[in-house]
Amino acid sequence: MEKSYDHLRTEADWYRRWEEAGLFTPAPEPTGIPFSIILPPPNVTGSLHIGHALTLSLPDIIVRRKKMQGFHVLWLPGVDHAGIATQMMVEKNLKQETGQSKEDLGREKFLQLTWEWKERSQQQIVGQIKKLGLALDWTRMKFTLSDEMQRVVRKVFVALYREGKVYQGTYMVNRCPNCKTVLSDLEVEHKEVQGRLTHIRYPLRSDPRRWVVVATTRPETMLGDVAVAVHPKDPRYKKRIGQEILLPLTGRAIPIVGDEDVDREFGSGAVKVTPAHDPVDFRIALKHGLEKIVVIDERARMTGPIPERYLGLDRFACRRAVVEDLRAQGLIEKEEDYVHNVGHCQRCETMVEPNISKQWFLRTAELAPPAIEAVRAGETVFIPDKWKKVYFNWMENIQDWCISRQLWWGHRIPAFYCADCHEVIVSEQDPSACPKCGGARLHQDEDVLDTWFSSALWPFTTLGWQDDRADFRTFYPTSLMVTAFDIIFFWVARMMMMGLHFGKAVPFREVLINGLIRDEKGQKMSKTKGNAVDPLDIIREYGADALRFTLAIQAVPGMDIALAVGRVKGYKAFTNKIWNAARYVIMNLKGDEPAAFAPARLSAPDRWVLHRLNALAEKVNAGFDEYRLYEAADLIYHFVWDEYCDWYLEFSKSDLDSPDTRAVLKLTLLRILQLLHPFMPYLTEEIYQRIRLERAFLIQTEFPAFRSELVFPEAHAEVEALRRVVAETRRTRTENRIEPNKRIPVYLRCDAEAERRSLQAHLKYYDFLSRSQRTEIVDDFSGLPKGFRGVCPNWEILLPFTDDQDRQRELQRLRQEHDKLDKLIAQMEAKLGGGFAEKAPAEVILNFKKNLQEAIDKRAKIARTVVDLS
């Protein structure tokens, strides 16, 4: 084996070999309990970002372990057409390269260009996913806008339409002037903005010298006012209800109406009613039968029956013009700064424009209750549990979902309009004639469906619900969905509704919510801030294994990750540590190691490492089962570094002549590779091939589990005592600046006879690890040379001085340590007497008292030593 681990060489070819061997494709006939995960499909908008690396790595770690446990696993890949996002990217690219707009090209040519973009982007994304080492079954690759998905989306839309759940209606919607489409409420982010509250005088028609003052942050919308509303119980305006006012700048007469939705505390208590551009005003207009005048178009420019000088102006330019004209006519009462929340497009951050428009909607009143009840009944479980409250809060207040979008890229709505009789035909196949009048002049709806509509069908349609395929019968409901908390509403909730309605079962048994990745200062990553991290750059520099392990060990469910590249570098060092440990083991194998060994023939360190590794396997499996992957990764890391490399490999150097020790070295290396494989597939596979047993690939071997025959409590206790004495000896040497490689005589004294006999039997390990020239275990230190002292439970250590300066230095050190123990013991005794003993669990108190007694015993030994050295 090479002296250092080369991740670039190792990660270059293994994925191809795994694919060619069919390791990621489940057998045609189930060979174990089904376990399935559907990949949250990345958008075909370009390349993956570091957030994808987290969302993709975590389920892959789970999947690889399930495969090694013998489950019948399907990990199904796919990509999302991402309507608005992809169309915006293609439009931007088209403008930059040719100066043309999509309208210049026309719908057909623009869509052809978008499909070409999709192919390039998908190829790039798949390449990145493979670099990460995901065990996905590429034979089942899906795309949300494929021919198959278009057929099934159309089938679902038509079914919902015939059930009366999909309908057309003219309602208030959010429109993004930049994206040129309507948005659902979830796609709107509200932000605080510094605005101006303008108080405008609306003259009474009966007496223009008197007026009602209304306050607004959007003066330009007054051109579409159809009424002024006041609270019916407001004494200031009670007599005015039913009168008319003259709308400034237009001369139109509009009524004063009484409505209980009016907030009497806002402004003057009288509000303008603009039903076409405000959701509250829209509801007031419906109640009072008021007309709806549209004065702002889909591009946020002024339109409609308004004075000519305002036509075609941008909404903000019109705002300035309106205020200027009102001021000139003396109709502004006052203006003041005003901070308020305004909706912005989640994607491009443009201020959205509330607008009435005829759109397609999905009625959710019947779909939401079963999805709520399924989570209440535990059919689908959120991890962490706190996220189900967020889910319930949204689902219990759900509104009908606007599912149409004014885009070209997406699932075109399968609605056709007859030009002769105006019949609306919704059909799975394109009609050739109108079923009502027989006319052939039909045209299809220009709009497409919201991207999340097809995404909501992802779990059951990718498995073949539409054809009742074997995959659907075997793998639905899926086992797990791993996703971020910010799309619980967008995606998880909608998959629940659609999965239950069409798949007749929940779409997944568990939902694992991961956090977002932030930079090391906790700030959100973005290209504009310059703190974004490209996962491919990290993989090139440190390797996919180091990145996967870094993400896993920090991924506490539901909590954000502060990603520092320095941590990835640290886990790259861990891969080198594993490589060097494997190199040591493999270089010392001779080929005569027994396949099985009797515990009685094994050394105490051999049994100790098997015992520790067995306990590790138990804890790691518990971590996996409860989705504490961060804990499982941390346990493996510390075992490999702190116990296997730092201790067991050092112990083994004294027993390399034993075939049994070499067999244990080989077995423990294999078990470590198996435990690590879900986290670090490339490194572990590369090493496994050097010690390969009966299976061709590591993922085909069995994941370690707890085994009762590998429990060795006596050997464990013996070696733990040995480790404590060696560690204290090393500490004493280091603190007193004794050269690391200098061999010196050591004297030991022990208060526990069993530990004394055990260490006497294992002196070869002690001498080797503590660099002892000669070790004697004595009854007391009287009559021996004075020396540096070390103390640990049941043991005292004496390292002889070379001169009196050593004695003086040791006295100073011991007195300082005695003072520290004095303070520690006082603090612990105060805590024990201060109510801690009444509140803490019994096991915690027991451990606390044990630690206190050990500190007291240590202080007593140090005190005796100080007297002796003085």
# chains A, B, ... in the order shown; residues from 1 in each chain; ligands from 1
$ residues_around --residues "A:Pro431" --least-positions-apart "4" --cutoff "9 Å" --atoms "only C-alpha atoms" --output "PyMOL selection string"
chain A and resi 416+425-427+435+440+442
$ residues_around --residues "A:Cys418" --least-positions-apart "2" --cutoff "10 Å" --atoms "only C-alpha atoms" --output "ChimeraX atom specification"
/A:416,420-425,433-444
$ residues_around --residues "A:Ser4" --least-positions-apart "6" --cutoff "9 Å" --atoms "only C-alpha atoms" --output "PDB file with N, CA, C and O atoms, in the first residue's frame"
ATOM      1  N   ASN A 576      -6.600   9.630   6.213  1.00  0.00           N
ATOM      2  CA  ASN A 576      -5.186   9.235   6.226  1.00  0.00           C
ATOM      3  C   ASN A 576      -4.872   8.338   7.415  1.00  0.00           C
ATOM      4  O   ASN A 576      -4.078   7.392   7.303  1.00  0.00           O
ATOM      5  N   TRP A 579      -6.150   4.926   6.632  1.00  0.00           N
ATOM      6  CA  TRP A 579      -5.281   4.318   5.613  1.00  0.00           C
ATOM      7  C   TRP A 579      -3.992   3.783   6.243  1.00  0.00           C
ATOM      8  O   TRP A 579      -3.569   2.650   5.976  1.00  0.00           O
ATOM      9  N   ASN A 580      -3.387   4.580   7.117  1.00  0.00           N
ATOM     10  CA  ASN A 580      -2.142   4.166   7.755  1.00  0.00           C
ATOM     11  C   ASN A 580      -2.358   2.993   8.699  1.00  0.00           C
ATOM     12  O   ASN A 580      -1.503   2.100   8.807  1.00  0.00           O
TER      13      ASN A 580
END
$ select_by_dssp --residues "stretch 561-605 of chain A" --states "helix (DSSP H, G or I)" --output "ChimeraX atom specification"
/A:565-588,599-601,604-605
$ closest_residue --among "A:Ala752, A:Leu763, A:Ala456, A:Ile125" --to "A:Ser654" --atoms "only C-alpha atoms"
A:Leu763
$ closest_residue --among "A:Pro40, A:Leu111, A:Gln194, A:Ile129" --to "A:Phe143" --atoms "only C-alpha atoms"
A:Pro40
$ select_by_dssp --residues "stretch 382-530 of chain A" --states "strand (DSSP E or B)" --output "PyMOL selection string"
chain A and resi 382-383+401-402+404-405+412+415-418+424-426+442-444+448-449+478-484+508-514+517-519+524
$ residues_around --residues "A:Val226" --least-positions-apart "4" --cutoff "8 Å" --atoms "only C-alpha atoms" --output "list of chain:residue names"
A:Ile254, A:Pro255, A:Lys272, A:Val273, A:Thr274, A:Pro275, A:Leu290, A:Glu291, A:Lys292, A:Ile293
$ write_last_selection --atoms "N, CA and C atoms" --output "mmCIF file, in the first residue's frame"
data_model
loop_
_atom_site.group_PDB
_atom_site.id
_atom_site.type_symbol
_atom_site.label_atom_id
_atom_site.label_comp_id
_atom_site.auth_asym_id
_atom_site.auth_seq_id
_atom_site.Cartn_x
_atom_site.Cartn_y
_atom_site.Cartn_z
ATOM 1 N N ILE A 254 -68.020 57.428 -5.850
ATOM 2 C CA ILE A 254 -67.977 56.077 -5.253
ATOM 3 C C ILE A 254 -68.635 56.140 -3.881
ATOM 4 N N PRO A 255 -69.241 55.020 -3.422
ATOM 5 C CA PRO A 255 -70.007 55.040 -2.167
ATOM 6 C C PRO A 255 -69.123 54.881 -0.923
ATOM 7 N N LYS A 272 -59.659 53.120 1.797
ATOM 8 C CA LYS A 272 -60.027 53.024 0.387
ATOM 9 C C LYS A 272 -60.227 51.558 0.031
ATOM 10 N N VAL A 273 -61.135 51.276 -0.882
ATOM 11 C CA VAL A 273 -61.415 49.903 -1.302
ATOM 12 C C VAL A 273 -61.011 49.755 -2.762
ATOM 13 N N THR A 274 -59.947 48.935 -2.977
ATOM 14 C CA THR A 274 -59.424 48.686 -4.331
ATOM 15 C C THR A 274 -59.468 47.185 -4.573
ATOM 16 N N PRO A 275 -60.614 46.622 -4.931
ATOM 17 C CA PRO A 275 -60.780 45.162 -4.949
ATOM 18 C C PRO A 275 -59.843 44.423 -5.906
ATOM 19 N N LEU A 290 -69.480 45.152 -5.133
ATOM 20 C CA LEU A 290 -68.771 46.251 -5.786
ATOM 21 C C LEU A 290 -68.016 45.747 -7.019
ATOM 22 N N GLU A 291 -67.861 46.612 -8.016
ATOM 23 C CA GLU A 291 -67.109 46.218 -9.210
ATOM 24 C C GLU A 291 -65.609 46.178 -8.895
ATOM 25 N N LYS A 292 -64.855 45.521 -9.789
ATOM 26 C CA LYS A 292 -63.408 45.363 -9.583
ATOM 27 C C LYS A 292 -62.702 45.959 -10.796
ATOM 28 N N ILE A 293 -62.035 47.068 -10.588
ATOM 29 C CA ILE A 293 -61.384 47.785 -11.686
ATOM 30 C C ILE A 293 -59.882 47.515 -11.640
#
$ residues_around --residues "A:Gly543" --least-positions-apart "2" --cutoff "8 Å" --atoms "only C-alpha atoms" --output "VMD selection string"
chain A and resid 7 to 8 11 538 to 541 545 to 547 572
$ closest_residue --among "A:Glu796, A:Glu220, A:Glu373, A:Asp278" --to "A:Pro248" --atoms "only C-alpha atoms"
A:Glu220
$ closest_residue --among "A:Val214, A:Ile306, A:Leu39, A:Ala493" --to "A:Ala368" --atoms "only C-alpha atoms"
A:Ala493
